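What follows is one structure encoded as structure tokens, with my remarks underneath.
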Amino acid sequence: ETSLKGKKASKGAKVPGVTRHIILIRHGQYDETHQEDEKRKLTKLGREQAELTGKRLATLLQGGKDEKLFGRCKIKIVRVSDMTRAKETAQIISKHLPDVDVAEPDYLLNEGIPAQVIPIRPELGVEKAYDQNHEAIESAFQKYFYRSTVKPPTTNEEDNDDAEKKEYDHEFEIIVGHGNVIRYFFCRALQLPPEAWLRLSIFNCSMTYIMVNPSGTASCRFVGDIGHLGYEHSTFSMFHGFTWG
């Protein structure tokens with residue numbers, strides 16, 4: 001395996017530090033009939049999608065009945081782009097995570113064309129948009145995808161049970177953003193050709209989960225997961241269900 005820095009990941013001894021869990025969530029379905037961002041608000045269905053996603057994330061915070069097997073997930077923060085549909089989605093999700101901080105919106109996470117497309121598709125007009133968007137989106141990747149070398153805090157022997165150790169060793173972060181950006185992050189994190197980003201379909205309020213170990217090794221636990229939504233809440237932009245394309 002290789003690390004985020006492109007170096008060969010070491011085998012054997014575990015590198016001390018905190019394992020970072022990054023959950024990328026695409027915004028809910030929104031009204032695409034307007035060009036102005038402030039008017040591109042979530043549809044009724046999009047708001048329902050965000051509610052269901054918030055409930056799914058709340059179960060991670062709560063953990064399972066057997067905490068030694070299904071420990072609580074320590075969600076550190078919710079991050080969000082500076083676009084209306086993403087901010088609305090994050091606001092709804094955060095209602096279900098009352099003790100989790102929500103960061104100021106970050107324009108680097110805004111939607112755009114993140115990379116060239118292979119096979120080439122001239123009808124998309126990628127070239128100009130790529131020049132305008134790539135630098136910001138790549139900066140966002142560098143900003144949020146990194147390995148943690150911070151050692152987890154030590155606890156008193158009396159309190160140092162397996163569940164608590166597991167919580168301190170792992171840190172979860174939610175990023176509410178956009179389909180193109182999430183597809184690009186997925187390719188970059190796994191060191192796949194970023195030009196393949198358009199071959200992935202990221203549904204509204206889907207969850208893509210990347211884990212970064214202290215060694216720098218990155219892996220994907222799931223991509224575009226919509227199991228929490230159900231079929232009637234499954235959309236790709238204004239396309240409903242799966243019988244399209």
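Ordering of the structure tokens sets the chain letters (A, B, ...), residue numbers begin anew at 1 in every chain, and ligands are numbered from 1 in the order given.
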Exercise: A:Thr19 partners within 12 Å, only C-alpha atoms, chain neighbours under 2 positions left out, as a PDB file with N, CA and C atoms, in the first residue's frame:
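Full text of out_15.pdb as output:
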ATOM      1  N   LYS A  14       2.642  -0.702  14.474  1.00  0.00           N
ATOM      2  CA  LYS A  14       1.642   0.331  14.268  1.00  0.00           C
ATOM      3  C   LYS A  14       2.235   1.704  14.575  1.00  0.00           C
ATOM      4  N   VAL A  15       1.997   2.664  13.695  1.00  0.00           N
ATOM      5  CA  VAL A  15       2.478   4.023  13.908  1.00  0.00           C
ATOM      6  C   VAL A  15       1.566   4.700  14.926  1.00  0.00           C
ATOM      7  N   PRO A  16       2.130   5.290  16.000  1.00  0.00           N
ATOM      8  CA  PRO A  16       1.281   5.932  17.004  1.00  0.00           C
ATOM      9  C   PRO A  16       0.580   7.160  16.446  1.00  0.00           C
ATOM     10  N   GLY A  17      -0.621   7.403  16.903  1.00  0.00           N
ATOM     11  CA  GLY A  17      -1.370   8.565  16.436  1.00  0.00           C
ATOM     12  C   GLY A  17      -2.854   8.263  16.400  1.00  0.00           C
ATOM     13  N   HIS A  21     -11.124   9.564  10.364  1.00  0.00           N
ATOM     14  CA  HIS A  21     -12.237   9.040   9.574  1.00  0.00           C
ATOM     15  C   HIS A  21     -12.958  10.237   8.955  1.00  0.00           C
ATOM     16  N   ILE A  22     -12.949  10.324   7.636  1.00  0.00           N
ATOM     17  CA  ILE A  22     -13.551  11.464   6.940  1.00  0.00           C
ATOM     18  C   ILE A  22     -14.777  10.974   6.179  1.00  0.00           C
ATOM     19  N   CYS A  73     -18.682   6.781  17.976  1.00  0.00           N
ATOM     20  CA  CYS A  73     -17.770   7.431  17.031  1.00  0.00           C
ATOM     21  C   CYS A  73     -17.631   8.892  17.434  1.00  0.00           C
ATOM     22  N   LYS A  74     -16.426   9.291  17.740  1.00  0.00           N
ATOM     23  CA  LYS A  74     -16.159  10.644  18.228  1.00  0.00           C
ATOM     24  C   LYS A  74     -16.129  11.618  17.043  1.00  0.00           C
ATOM     25  N   PHE A 145      -7.214  16.329   3.874  1.00  0.00           N
ATOM     26  CA  PHE A 145      -6.771  14.933   3.814  1.00  0.00           C
ATOM     27  C   PHE A 145      -5.292  14.868   4.194  1.00  0.00           C
ATOM     28  N   TYR A 146      -5.047  14.478   5.418  1.00  0.00           N
ATOM     29  CA  TYR A 146      -3.682  14.377   5.938  1.00  0.00           C
ATOM     30  C   TYR A 146      -3.675  13.341   7.052  1.00  0.00           C
ATOM     31  N   ARG A 147      -2.513  12.877   7.386  1.00  0.00           N
ATOM     32  CA  ARG A 147      -2.411  11.922   8.481  1.00  0.00           C
ATOM     33  C   ARG A 147      -2.161  12.660   9.788  1.00  0.00           C
ATOM     34  N   SER A 148      -2.731  12.141  10.858  1.00  0.00           N
ATOM     35  CA  SER A 148      -2.536  12.735  12.178  1.00  0.00           C
ATOM     36  C   SER A 148      -1.387  12.026  12.880  1.00  0.00           C
ATOM     37  N   THR A 149      -0.485  12.800  13.415  1.00  0.00           N
ATOM     38  CA  THR A 149       0.624  12.220  14.186  1.00  0.00           C
ATOM     39  C   THR A 149       0.483  12.558  15.667  1.00  0.00           C
ATOM     40  N   VAL A 150      -0.660  13.134  16.025  1.00  0.00           N
ATOM     41  CA  VAL A 150      -0.929  13.466  17.423  1.00  0.00           C
ATOM     42  C   VAL A 150      -1.244  12.187  18.185  1.00  0.00           C
ATOM     43  N   LYS A 151      -0.567  11.970  19.293  1.00  0.00           N
ATOM     44  CA  LYS A 151      -0.825  10.775  20.088  1.00  0.00           C
ATOM     45  C   LYS A 151      -2.109  10.968  20.879  1.00  0.00           C
ATOM     46  N   PRO A 152      -2.945   9.923  20.958  1.00  0.00           N
ATOM     47  CA  PRO A 152      -4.171  10.039  21.746  1.00  0.00           C
ATOM     48  C   PRO A 152      -3.837  10.250  23.210  1.00  0.00           C
ATOM     49  N   LYS A 166     -10.726   3.092  22.435  1.00  0.00           N
ATOM     50  CA  LYS A 166     -11.117   3.083  21.026  1.00  0.00           C
ATOM     51  C   LYS A 166     -11.602   4.467  20.597  1.00  0.00           C
ATOM     52  N   GLU A 167     -12.319   5.158  21.500  1.00  0.00           N
ATOM     53  CA  GLU A 167     -12.834   6.479  21.170  1.00  0.00           C
ATOM     54  C   GLU A 167     -11.689   7.482  20.998  1.00  0.00           C
ATOM     55  N   TYR A 168     -10.690   7.412  21.868  1.00  0.00           N
ATOM     56  CA  TYR A 168      -9.567   8.352  21.789  1.00  0.00           C
ATOM     57  C   TYR A 168      -8.658   8.072  20.595  1.00  0.00           C
ATOM     58  N   ASP A 169      -8.615   6.843  20.146  1.00  0.00           N
ATOM     59  CA  ASP A 169      -7.730   6.476  19.037  1.00  0.00           C
ATOM     60  C   ASP A 169      -8.293   6.849  17.678  1.00  0.00           C
ATOM     61  N   HIS A 170      -9.553   7.251  17.632  1.00  0.00           N
ATOM     62  CA  HIS A 170     -10.234   7.503  16.359  1.00  0.00           C
ATOM     63  C   HIS A 170     -10.964   8.838  16.404  1.00  0.00           C
ATOM     64  N   GLU A 171     -10.919   9.543  15.290  1.00  0.00           N
ATOM     65  CA  GLU A 171     -11.536  10.864  15.203  1.00  0.00           C
ATOM     66  C   GLU A 171     -12.317  10.961  13.892  1.00  0.00           C
ATOM     67  N   PHE A 172     -13.584  11.348  13.991  1.00  0.00           N
ATOM     68  CA  PHE A 172     -14.455  11.429  12.823  1.00  0.00           C
ATOM     69  C   PHE A 172     -14.719  12.885  12.443  1.00  0.00           C
ATOM     70  N   GLU A 173     -14.764  13.124  11.146  1.00  0.00           N
ATOM     71  CA  GLU A 173     -15.006  14.465  10.622  1.00  0.00           C
ATOM     72  C   GLU A 173     -16.001  14.349   9.471  1.00  0.00           C
ATOM     73  N   ILE A 210     -13.734   7.765   3.912  1.00  0.00           N
ATOM     74  CA  ILE A 210     -12.301   7.552   3.723  1.00  0.00           C
ATOM     75  C   ILE A 210     -11.627   7.520   5.095  1.00  0.00           C
ATOM     76  N   MET A 211     -10.760   6.550   5.302  1.00  0.00           N
ATOM     77  CA  MET A 211     -10.019   6.436   6.556  1.00  0.00           C
ATOM     78  C   MET A 211      -8.536   6.675   6.284  1.00  0.00           C
ATOM     79  N   VAL A 212      -7.908   7.525   7.110  1.00  0.00           N
ATOM     80  CA  VAL A 212      -6.480   7.817   6.974  1.00  0.00           C
ATOM     81  C   VAL A 212      -5.782   7.406   8.267  1.00  0.00           C
ATOM     82  N   ASN A 213      -4.927   6.395   8.179  1.00  0.00           N
ATOM     83  CA  ASN A 213      -4.184   5.916   9.335  1.00  0.00           C
ATOM     84  C   ASN A 213      -3.025   6.855   9.657  1.00  0.00           C
ATOM     85  N   PRO A 214      -2.501   6.796  10.893  1.00  0.00           N
ATOM     86  CA  PRO A 214      -1.342   7.629  11.248  1.00  0.00           C
ATOM     87  C   PRO A 214      -0.131   7.383  10.350  1.00  0.00           C
ATOM     88  N   SER A 215      -0.045   6.201   9.739  1.00  0.00           N
ATOM     89  CA  SER A 215       1.060   5.895   8.827  1.00  0.00           C
ATOM     90  C   SER A 215       0.933   6.645   7.504  1.00  0.00           C
ATOM     91  N   GLY A 216      -0.256   7.203   7.242  1.00  0.00           N
ATOM     92  CA  GLY A 216      -0.519   7.873   5.974  1.00  0.00           C
ATOM     93  C   GLY A 216      -1.271   7.011   4.987  1.00  0.00           C
ATOM     94  N   THR A 217      -1.509   5.755   5.326  1.00  0.00           N
ATOM     95  CA  THR A 217      -2.257   4.868   4.443  1.00  0.00           C
ATOM     96  C   THR A 217      -3.739   5.255   4.426  1.00  0.00           C
ATOM     97  N   ALA A 218      -4.291   5.413   3.237  1.00  0.00           N
ATOM     98  CA  ALA A 218      -5.700   5.780   3.091  1.00  0.00           C
ATOM     99  C   ALA A 218      -6.474   4.620   2.483  1.00  0.00           C
ATOM    100  N   SER A 219      -7.691   4.414   2.967  1.00  0.00           N
ATOM    101  CA  SER A 219      -8.545   3.358   2.410  1.00  0.00           C
ATOM    102  C   SER A 219      -9.988   3.834   2.438  1.00  0.00           C
TER     103      SER A 219
END
DSSP alpha helix (DSSP H) residues within stretch 20-206 of chain A, as a ChimeraX atom specification: /A:44-62,84-94,126-144,162-169,179-189
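The shortest atom-to-atom distance to A:Ile93, with only C-alpha atoms taken into account, belongs to A:Ala50 out of A:Ile175, A:Ala115, A:Ala50, A:Ile25.
Considering only C-alpha atoms, the residue among A:Leu108, A:Asp31, A:Ile120, A:Ile75 positioned nearest to A:Gly63 is A:Ile75.
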DSSP strand (DSSP E or B) residues within chain A, listed as a PyMOL selection string: chain A and resi 2-3+8+19-26+30+42+75-81+101-102+106+170-177+207-212+217-225+235-236+239-240
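With only C-alpha atoms as the atoms that count, the minimum distance from A:Ile137 to the choices A:Arg183, A:Arg56, A:Arg79, A:His96 is reached by A:Arg183.
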Counting only C-alpha atoms, the option among A:His27, A:Lys55, A:Arg20, A:Lys68 closest to A:Ser206: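 For A:Ser206, the nearest of the given residues is A:His27.
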Selected residue of minimal separation from A:Ala103 among A:Val176, A:Glu127, A:Leu52, A:Gln62, counting only C-alpha atoms: A:Val176
For A:Pro98, the nearest of the candidates A:Leu61, A:Ile182, A:Ile113, A:Val80, counting only C-alpha atoms: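 Looking only at the distances to A:Pro98, the closest residue turns out to be A:Leu61.
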